[in-house]
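Data from query-v3.cif: mmCIF, N, CA and C atoms
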```
data_my_file
#
loop_
_atom_site.label_atom_id
_atom_site.label_comp_id
_atom_site.auth_asym_id
_atom_site.auth_seq_id
_atom_site.Cartn_x
_atom_site.Cartn_y
_atom_site.Cartn_z
N MET A 1 55.28 246.20 42.51
CA MET A 1 56.28 245.34 41.96
C MET A 1 57.64 245.73 42.56
N SER A 2 58.40 244.73 42.99
CA SER A 2 59.71 244.98 43.59
C SER A 2 60.78 244.97 42.50
N GLN A 3 61.61 245.99 42.52
CA GLN A 3 62.68 246.12 41.55
C GLN A 3 63.97 246.46 42.28
N GLN A 4 65.08 245.90 41.82
CA GLN A 4 66.37 246.19 42.43
C GLN A 4 67.28 246.83 41.40
N PHE A 5 68.04 247.81 41.87
CA PHE A 5 68.98 248.54 41.02
C PHE A 5 70.34 248.58 41.71
N THR A 6 71.40 248.44 40.93
CA THR A 6 72.74 248.68 41.43
C THR A 6 73.07 250.12 41.06
N VAL A 7 73.27 250.94 42.08
CA VAL A 7 73.47 252.37 41.88
C VAL A 7 74.81 252.77 42.49
N THR A 8 75.68 253.34 41.66
CA THR A 8 76.98 253.78 42.17
C THR A 8 77.01 255.30 42.28
N GLY A 9 77.87 255.77 43.17
CA GLY A 9 78.03 257.20 43.36
C GLY A 9 77.40 257.70 44.65
N MET A 10 76.66 256.85 45.36
CA MET A 10 76.06 257.27 46.63
C MET A 10 77.12 257.16 47.72
N THR A 11 77.43 258.26 48.37
CA THR A 11 78.49 258.26 49.37
C THR A 11 78.03 258.68 50.77
N CYS A 12 76.79 259.17 50.88
CA CYS A 12 76.36 259.68 52.19
C CYS A 12 74.84 259.65 52.30
N GLY A 13 74.36 260.05 53.44
CA GLY A 13 72.92 260.10 53.67
C GLY A 13 72.22 261.07 52.74
N HIS A 14 72.89 262.16 52.37
CA HIS A 14 72.31 263.12 51.44
C HIS A 14 72.07 262.45 50.09
N CYS A 15 73.00 261.61 49.67
CA CYS A 15 72.85 260.89 48.40
C CYS A 15 71.62 259.97 48.46
N GLU A 16 71.49 259.27 49.57
CA GLU A 16 70.34 258.37 49.73
C GLU A 16 69.03 259.17 49.68
N ALA A 17 69.02 260.32 50.32
CA ALA A 17 67.82 261.16 50.32
C ALA A 17 67.51 261.65 48.91
N ALA A 18 68.54 262.01 48.15
CA ALA A 18 68.33 262.50 46.79
C ALA A 18 67.75 261.41 45.91
N VAL A 19 68.25 260.19 46.04
CA VAL A 19 67.73 259.07 45.24
C VAL A 19 66.29 258.78 45.64
N THR A 20 66.03 258.75 46.94
CA THR A 20 64.66 258.49 47.42
C THR A 20 63.70 259.56 46.91
N ARG A 21 64.10 260.82 47.01
CA ARG A 21 63.26 261.93 46.57
C ARG A 21 62.97 261.83 45.07
N ALA A 22 63.98 261.49 44.29
CA ALA A 22 63.80 261.37 42.83
C ALA A 22 62.78 260.29 42.49
N ILE A 23 62.86 259.18 43.19
CA ILE A 23 61.91 258.08 42.94
C ILE A 23 60.51 258.48 43.36
N LYS A 24 60.39 259.13 44.51
CA LYS A 24 59.07 259.52 45.00
C LYS A 24 58.43 260.63 44.16
N GLN A 25 59.24 261.36 43.40
CA GLN A 25 58.67 262.37 42.51
C GLN A 25 57.89 261.73 41.37
N ILE A 26 58.29 260.54 40.96
CA ILE A 26 57.55 259.88 39.88
C ILE A 26 56.52 258.90 40.41
N ASP A 27 56.65 258.50 41.69
CA ASP A 27 55.68 257.62 42.33
C ASP A 27 55.67 257.92 43.82
N GLY A 28 54.74 258.77 44.23
CA GLY A 28 54.67 259.19 45.63
C GLY A 28 54.44 258.06 46.61
N GLY A 29 53.88 256.96 46.14
CA GLY A 29 53.61 255.83 47.02
C GLY A 29 54.71 254.78 47.01
N ALA A 30 55.79 255.05 46.33
CA ALA A 30 56.87 254.06 46.24
C ALA A 30 57.52 253.84 47.60
N GLU A 31 57.94 252.61 47.84
CA GLU A 31 58.73 252.28 49.02
C GLU A 31 60.17 252.09 48.54
N VAL A 32 61.09 252.78 49.19
CA VAL A 32 62.49 252.76 48.77
C VAL A 32 63.35 252.29 49.93
N LYS A 33 64.18 251.28 49.68
CA LYS A 33 65.15 250.80 50.67
C LYS A 33 66.52 250.88 50.01
N ILE A 34 67.47 251.49 50.72
CA ILE A 34 68.81 251.68 50.16
C ILE A 34 69.84 251.05 51.08
N ASP A 35 70.70 250.23 50.49
CA ASP A 35 71.88 249.69 51.18
C ASP A 35 73.07 250.30 50.48
N ARG A 36 73.52 251.45 51.00
CA ARG A 36 74.59 252.21 50.35
C ARG A 36 75.88 251.40 50.25
N ALA A 37 76.21 250.62 51.28
CA ALA A 37 77.45 249.84 51.28
C ALA A 37 77.47 248.83 50.15
N ALA A 38 76.29 248.31 49.78
CA ALA A 38 76.19 247.32 48.71
C ALA A 38 75.80 247.96 47.37
N ASN A 39 75.64 249.29 47.36
CA ASN A 39 75.19 250.01 46.15
C ASN A 39 73.85 249.49 45.65
N LEU A 40 72.98 249.11 46.57
CA LEU A 40 71.71 248.50 46.20
C LEU A 40 70.53 249.40 46.56
N VAL A 41 69.65 249.59 45.58
CA VAL A 41 68.41 250.33 45.80
C VAL A 41 67.27 249.39 45.45
N GLU A 42 66.40 249.14 46.42
CA GLU A 42 65.23 248.29 46.20
C GLU A 42 64.00 249.19 46.22
N VAL A 43 63.17 249.05 45.20
CA VAL A 43 62.02 249.93 45.05
C VAL A 43 60.76 249.09 44.86
N GLN A 44 59.72 249.41 45.64
CA GLN A 44 58.39 248.85 45.44
C GLN A 44 57.59 249.95 44.74
N SER A 45 57.27 249.72 43.46
CA SER A 45 56.61 250.76 42.68
C SER A 45 55.87 250.15 41.50
N THR A 46 54.87 250.87 41.03
CA THR A 46 54.15 250.45 39.84
C THR A 46 54.75 251.07 38.58
N GLN A 47 55.72 251.96 38.76
CA GLN A 47 56.35 252.63 37.63
C GLN A 47 57.27 251.66 36.88
N PRO A 48 57.43 251.85 35.57
CA PRO A 48 58.33 250.98 34.82
C PRO A 48 59.79 251.17 35.26
N ARG A 49 60.55 250.11 35.14
CA ARG A 49 61.96 250.10 35.53
C ARG A 49 62.73 251.25 34.88
N GLU A 50 62.46 251.49 33.60
CA GLU A 50 63.18 252.53 32.86
C GLU A 50 62.93 253.90 33.45
N ALA A 51 61.71 254.16 33.90
CA ALA A 51 61.38 255.47 34.48
C ALA A 51 62.10 255.68 35.81
N ILE A 52 62.17 254.63 36.62
CA ILE A 52 62.86 254.74 37.90
C ILE A 52 64.35 254.95 37.67
N ALA A 53 64.94 254.16 36.76
CA ALA A 53 66.36 254.30 36.46
C ALA A 53 66.67 255.70 35.94
N ALA A 54 65.81 256.24 35.09
CA ALA A 54 66.01 257.58 34.55
C ALA A 54 65.97 258.63 35.66
N ALA A 55 65.05 258.48 36.60
CA ALA A 55 64.94 259.43 37.71
C ALA A 55 66.21 259.42 38.56
N ILE A 56 66.75 258.23 38.81
CA ILE A 56 67.99 258.11 39.59
C ILE A 56 69.14 258.75 38.82
N GLN A 57 69.23 258.48 37.54
CA GLN A 57 70.31 259.02 36.72
C GLN A 57 70.24 260.54 36.62
N GLU A 58 69.05 261.09 36.60
CA GLU A 58 68.89 262.55 36.53
C GLU A 58 69.46 263.23 37.77
N GLU A 59 69.54 262.48 38.89
CA GLU A 59 70.14 263.02 40.11
C GLU A 59 71.67 262.94 40.07
N GLY A 60 72.21 262.30 39.04
CA GLY A 60 73.65 262.24 38.89
C GLY A 60 74.31 260.95 39.31
N TYR A 61 73.50 259.91 39.53
CA TYR A 61 74.04 258.62 39.95
C TYR A 61 73.98 257.65 38.77
N THR A 62 74.85 256.64 38.82
CA THR A 62 74.92 255.66 37.74
C THR A 62 74.14 254.42 38.12
N VAL A 63 73.21 254.03 37.25
CA VAL A 63 72.45 252.79 37.44
C VAL A 63 73.11 251.73 36.58
N GLU A 64 73.66 250.72 37.24
CA GLU A 64 74.39 249.68 36.51
C GLU A 64 73.51 248.48 36.18
N ALA A 65 72.51 248.22 36.99
CA ALA A 65 71.64 247.08 36.72
C ALA A 65 70.24 247.34 37.27
#
```
If you convert what's in this file into structure tokens, what do you get?
Amino acid sequence: MSQQFTVTGMTCGHCEAAVTRAIKQIDGGAEVKIDRAANLVEVQSTQPREAIAAAIQEEGYTVEA
């Protein structure tokens, strides 16, 4: 299932890697695409939206949508 999140606080490649790693920790098969300039994270995953958002937030980023 494809899910999109608006994530603020990502400023560099390290931030993108941290978000990707957090998502893959809860779903190793997830596909993650990040458009940092648009604050957009697109995730293909079977995990519930709330779990993905929580994983991103635990890394210190804000999930707005």
Proximity to Glu58 of chain A - best of A:Ala22, A:Gly13, A:Asp27, A:Thr6, all atoms listed in the file =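 Smallest distance to Glu58 of chain A is found for A:Ala22.
On the backbone of this structure, DSSP gives helix (DSSP H, G or I) within segment 23-64 of chain A to Ile23, Lys24, Gln25, Ile26, Arg36, Ala37, Ala38, Arg49, Glu50, Ala51, Ile52, Ala53, Ala54, Ala55, Ile56, Gln57 and Glu58 of chain A.
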Name the residues in contact with Ile34 of chain A at a cut-off of 9 Å, using only C-alpha atoms, excluding same-chain residues fewer than 5 positions from it; report them as JSON, numbers by chain.
-> {"A": [16, 19, 20, 39, 40, 41, 42, 43]}
Determine which residues of chain A DSSP labels as strand (DSSP E or B) from the backbone of this structure, then write them out as a list in words.
->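 Across chain A, those assigned strand (DSSP E or B) are Ser2, Gln3, Gln4, Phe5, Thr6, Val7, Thr8, Glu31, Val32, Lys33, Ile34, Asp35, Leu40, Val41, Glu42, Val43, Gln44, Thr62 and Val63 of chain A.
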Please produce an output containing N, CA and C atoms for each residue in the selection, written as a compact mmCIF listing (two decimals), keeping the file's coordinate frame.
```
# COMPACT_ATOMS: atom_id res chain seq x y z
N SER A 2 58.40 244.73 42.99
CA SER A 2 59.71 244.98 43.59
C SER A 2 60.78 244.97 42.50
N GLN A 3 61.61 245.99 42.52
CA GLN A 3 62.68 246.12 41.55
C GLN A 3 63.97 246.46 42.28
N GLN A 4 65.08 245.90 41.82
CA GLN A 4 66.37 246.19 42.43
C GLN A 4 67.28 246.83 41.40
N PHE A 5 68.04 247.81 41.87
CA PHE A 5 68.98 248.54 41.02
C PHE A 5 70.34 248.58 41.71
N THR A 6 71.40 248.44 40.93
CA THR A 6 72.74 248.68 41.43
C THR A 6 73.07 250.12 41.06
N VAL A 7 73.27 250.94 42.08
CA VAL A 7 73.47 252.37 41.88
C VAL A 7 74.81 252.77 42.49
N THR A 8 75.68 253.34 41.66
CA THR A 8 76.98 253.78 42.17
C THR A 8 77.01 255.30 42.28
N GLU A 31 57.94 252.61 47.84
CA GLU A 31 58.73 252.28 49.02
C GLU A 31 60.17 252.09 48.54
N VAL A 32 61.09 252.78 49.19
CA VAL A 32 62.49 252.76 48.77
C VAL A 32 63.35 252.29 49.93
N LYS A 33 64.18 251.28 49.68
CA LYS A 33 65.15 250.80 50.67
C LYS A 33 66.52 250.88 50.01
N ILE A 34 67.47 251.49 50.72
CA ILE A 34 68.81 251.68 50.16
C ILE A 34 69.84 251.05 51.08
N ASP A 35 70.70 250.23 50.49
CA ASP A 35 71.88 249.69 51.18
C ASP A 35 73.07 250.30 50.48
N LEU A 40 72.98 249.11 46.57
CA LEU A 40 71.71 248.50 46.20
C LEU A 40 70.53 249.40 46.56
N VAL A 41 69.65 249.59 45.58
CA VAL A 41 68.41 250.33 45.80
C VAL A 41 67.27 249.39 45.45
N GLU A 42 66.40 249.14 46.42
CA GLU A 42 65.23 248.29 46.20
C GLU A 42 64.00 249.19 46.22
N VAL A 43 63.17 249.05 45.20
CA VAL A 43 62.02 249.93 45.05
C VAL A 43 60.76 249.09 44.86
N GLN A 44 59.72 249.41 45.64
CA GLN A 44 58.39 248.85 45.44
C GLN A 44 57.59 249.95 44.74
N THR A 62 74.85 256.64 38.82
CA THR A 62 74.92 255.66 37.74
C THR A 62 74.14 254.42 38.12
N VAL A 63 73.21 254.03 37.25
CA VAL A 63 72.45 252.79 37.44
C VAL A 63 73.11 251.73 36.58
```
Can you work out which one of A:Val32, A:Ile23, A:Ala17, A:Met10 has the shortest atom-to-atom distance to Gly60 of chain A, counting only N, CA and C atoms?
->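 Among the listed residues, A:Met10 lies closest to Gly60 of chain A.
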Would you list the contacts of Met1 of chain A as a PyMOL selection string, taking every protein, DNA or RNA residue within 5 Å and counting all atoms listed in the file, but skipping same-chain residues closer than 6 positions in sequence?
-> chain A and resi 44-46
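Nearest to Gly9 of chain A of all the residues A:Ala38, A:Gly28, A:Ala51, A:Lys33 is A:Ala38, based on only C-alpha atoms.
Counting from atom CA of Glu59 of chain A, the distance to atom CA of Cys15 of chain A is 9.0 Å.
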Grab the atom N of Ala37 of chain A to atom N of Arg49 of chain A distance for me, in Å with one decimal place.
-> 22.5 Å
Which value, in Å to one decimal, gives the distance between atom C of Thr11 of chain A and atom N of Ala53 of chain A?
->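 One can read the atom C of Thr11 of chain A to atom N of Ala53 of chain A distance as 19.7 Å.
Nearest residue to Cys12 of chain A, choosing from A:Lys24, A:Tyr61, A:Ile52, A:Arg36 and counting only N, CA and C atoms: A:Arg36.
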Determine the nearest neighbour of Gln25 of chain A from the options A:Thr62, A:Gln3, A:Thr8, A:Gln47, counting only C-alpha atoms.
->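 The shortest atom-to-atom distance to Gln25 of chain A comes from A:Gln47.
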Please fill the gaps in segment 34-45 of chain A so it has all heavy atoms, and write that as a PDB file, in the frame of the given file.
```pdb
ATOM      1  N   ILE A  34      67.470 251.490  50.720  1.00  0.00           N
ATOM      2  CA  ILE A  34      68.810 251.680  50.160  1.00  0.00           C
ATOM      3  C   ILE A  34      69.840 251.050  51.080  1.00  0.00           C
ATOM      4  O   ILE A  34      69.833 251.292  52.285  1.00  0.00           O
ATOM      5  CB  ILE A  34      69.120 253.169  49.949  1.00  0.00           C
ATOM      6  CG1 ILE A  34      68.137 253.768  48.936  1.00  0.00           C
ATOM      7  CG2 ILE A  34      70.567 253.360  49.485  1.00  0.00           C
ATOM      8  CD1 ILE A  34      68.289 255.257  48.715  1.00  0.00           C
ATOM      9  N   ASP A  35      70.700 250.230  50.490  1.00  0.00           N
ATOM     10  CA  ASP A  35      71.880 249.690  51.180  1.00  0.00           C
ATOM     11  C   ASP A  35      73.070 250.300  50.480  1.00  0.00           C
ATOM     12  O   ASP A  35      73.556 249.802  49.469  1.00  0.00           O
ATOM     13  CB  ASP A  35      71.892 248.166  51.080  1.00  0.00           C
ATOM     14  CG  ASP A  35      73.083 247.546  51.808  1.00  0.00           C
ATOM     15  OD1 ASP A  35      74.043 248.280  52.141  1.00  0.00           O
ATOM     16  OD2 ASP A  35      73.052 246.328  52.031  1.00  0.00           O
ATOM     17  N   ARG A  36      73.520 251.450  51.000  1.00  0.00           N
ATOM     18  CA  ARG A  36      74.590 252.210  50.350  1.00  0.00           C
ATOM     19  C   ARG A  36      75.880 251.400  50.250  1.00  0.00           C
ATOM     20  O   ARG A  36      76.581 251.468  49.256  1.00  0.00           O
ATOM     21  CB  ARG A  36      74.829 253.510  51.117  1.00  0.00           C
ATOM     22  CG  ARG A  36      75.811 254.422  50.432  1.00  0.00           C
ATOM     23  CD  ARG A  36      75.966 255.780  51.103  1.00  0.00           C
ATOM     24  NE  ARG A  36      75.223 255.992  52.319  1.00  0.00           N
ATOM     25  CZ  ARG A  36      75.763 256.359  53.470  1.00  0.00           C
ATOM     26  NH1 ARG A  36      77.060 256.545  53.562  1.00  0.00           N
ATOM     27  NH2 ARG A  36      75.021 256.564  54.527  1.00  0.00           N
ATOM     28  N   ALA A  37      76.210 250.620  51.280  1.00  0.00           N
ATOM     29  CA  ALA A  37      77.450 249.840  51.280  1.00  0.00           C
ATOM     30  C   ALA A  37      77.470 248.830  50.150  1.00  0.00           C
ATOM     31  O   ALA A  37      78.520 248.526  49.583  1.00  0.00           O
ATOM     32  CB  ALA A  37      77.628 249.144  52.621  1.00  0.00           C
ATOM     33  N   ALA A  38      76.290 248.310  49.780  1.00  0.00           N
ATOM     34  CA  ALA A  38      76.190 247.320  48.710  1.00  0.00           C
ATOM     35  C   ALA A  38      75.800 247.960  47.370  1.00  0.00           C
ATOM     36  O   ALA A  38      75.620 247.252  46.383  1.00  0.00           O
ATOM     37  CB  ALA A  38      75.172 246.251  49.087  1.00  0.00           C
ATOM     38  N   ASN A  39      75.640 249.290  47.360  1.00  0.00           N
ATOM     39  CA  ASN A  39      75.190 250.010  46.150  1.00  0.00           C
ATOM     40  C   ASN A  39      73.850 249.490  45.650  1.00  0.00           C
ATOM     41  O   ASN A  39      73.593 249.468  44.449  1.00  0.00           O
ATOM     42  CB  ASN A  39      76.230 249.929  45.027  1.00  0.00           C
ATOM     43  CG  ASN A  39      77.507 250.644  45.368  1.00  0.00           C
ATOM     44  OD1 ASN A  39      77.490 251.681  46.012  1.00  0.00           O
ATOM     45  ND2 ASN A  39      78.618 250.093  44.955  1.00  0.00           N
ATOM     46  N   LEU A  40      72.980 249.110  46.570  1.00  0.00           N
ATOM     47  CA  LEU A  40      71.710 248.500  46.200  1.00  0.00           C
ATOM     48  C   LEU A  40      70.530 249.400  46.560  1.00  0.00           C
ATOM     49  O   LEU A  40      70.454 249.915  47.674  1.00  0.00           O
ATOM     50  CB  LEU A  40      71.555 247.157  46.925  1.00  0.00           C
ATOM     51  CG  LEU A  40      70.313 246.346  46.601  1.00  0.00           C
ATOM     52  CD1 LEU A  40      70.336 245.887  45.151  1.00  0.00           C
ATOM     53  CD2 LEU A  40      70.221 245.153  47.529  1.00  0.00           C
ATOM     54  N   VAL A  41      69.650 249.590  45.580  1.00  0.00           N
ATOM     55  CA  VAL A  41      68.410 250.330  45.800  1.00  0.00           C
ATOM     56  C   VAL A  41      67.270 249.390  45.450  1.00  0.00           C
ATOM     57  O   VAL A  41      67.184 248.894  44.323  1.00  0.00           O
ATOM     58  CB  VAL A  41      68.338 251.604  44.933  1.00  0.00           C
ATOM     59  CG1 VAL A  41      67.008 252.319  45.143  1.00  0.00           C
ATOM     60  CG2 VAL A  41      69.498 252.538  45.256  1.00  0.00           C
ATOM     61  N   GLU A  42      66.400 249.140  46.420  1.00  0.00           N
ATOM     62  CA  GLU A  42      65.230 248.290  46.200  1.00  0.00           C
ATOM     63  C   GLU A  42      64.000 249.190  46.220  1.00  0.00           C
ATOM     64  O   GLU A  42      63.824 249.984  47.137  1.00  0.00           O
ATOM     65  CB  GLU A  42      65.118 247.220  47.276  1.00  0.00           C
ATOM     66  CG  GLU A  42      63.984 246.256  47.026  1.00  0.00           C
ATOM     67  CD  GLU A  42      63.948 245.118  48.035  1.00  0.00           C
ATOM     68  OE1 GLU A  42      64.960 244.880  48.724  1.00  0.00           O
ATOM     69  OE2 GLU A  42      62.895 244.486  48.133  1.00  0.00           O
ATOM     70  N   VAL A  43      63.170 249.050  45.200  1.00  0.00           N
ATOM     71  CA  VAL A  43      62.020 249.930  45.050  1.00  0.00           C
ATOM     72  C   VAL A  43      60.760 249.090  44.860  1.00  0.00           C
ATOM     73  O   VAL A  43      60.715 248.197  44.009  1.00  0.00           O
ATOM     74  CB  VAL A  43      62.197 250.864  43.824  1.00  0.00           C
ATOM     75  CG1 VAL A  43      61.007 251.798  43.697  1.00  0.00           C
ATOM     76  CG2 VAL A  43      63.491 251.644  43.929  1.00  0.00           C
ATOM     77  N   GLN A  44      59.720 249.410  45.640  1.00  0.00           N
ATOM     78  CA  GLN A  44      58.390 248.850  45.440  1.00  0.00           C
ATOM     79  C   GLN A  44      57.590 249.950  44.740  1.00  0.00           C
ATOM     80  O   GLN A  44      57.323 250.990  45.321  1.00  0.00           O
ATOM     81  CB  GLN A  44      57.724 248.521  46.784  1.00  0.00           C
ATOM     82  CG  GLN A  44      58.344 247.377  47.526  1.00  0.00           C
ATOM     83  CD  GLN A  44      57.885 246.029  47.007  1.00  0.00           C
ATOM     84  OE1 GLN A  44      56.907 245.919  46.280  1.00  0.00           O
ATOM     85  NE2 GLN A  44      58.608 244.995  47.376  1.00  0.00           N
ATOM     86  N   SER A  45      57.270 249.720  43.460  1.00  0.00           N
ATOM     87  CA  SER A  45      56.610 250.760  42.680  1.00  0.00           C
ATOM     88  C   SER A  45      55.870 250.150  41.500  1.00  0.00           C
ATOM     89  O   SER A  45      56.241 249.080  41.011  1.00  0.00           O
ATOM     90  CB  SER A  45      57.657 251.758  42.152  1.00  0.00           C
ATOM     91  OG  SER A  45      57.057 252.700  41.294  1.00  0.00           O
TER      92      SER A  45
END
```
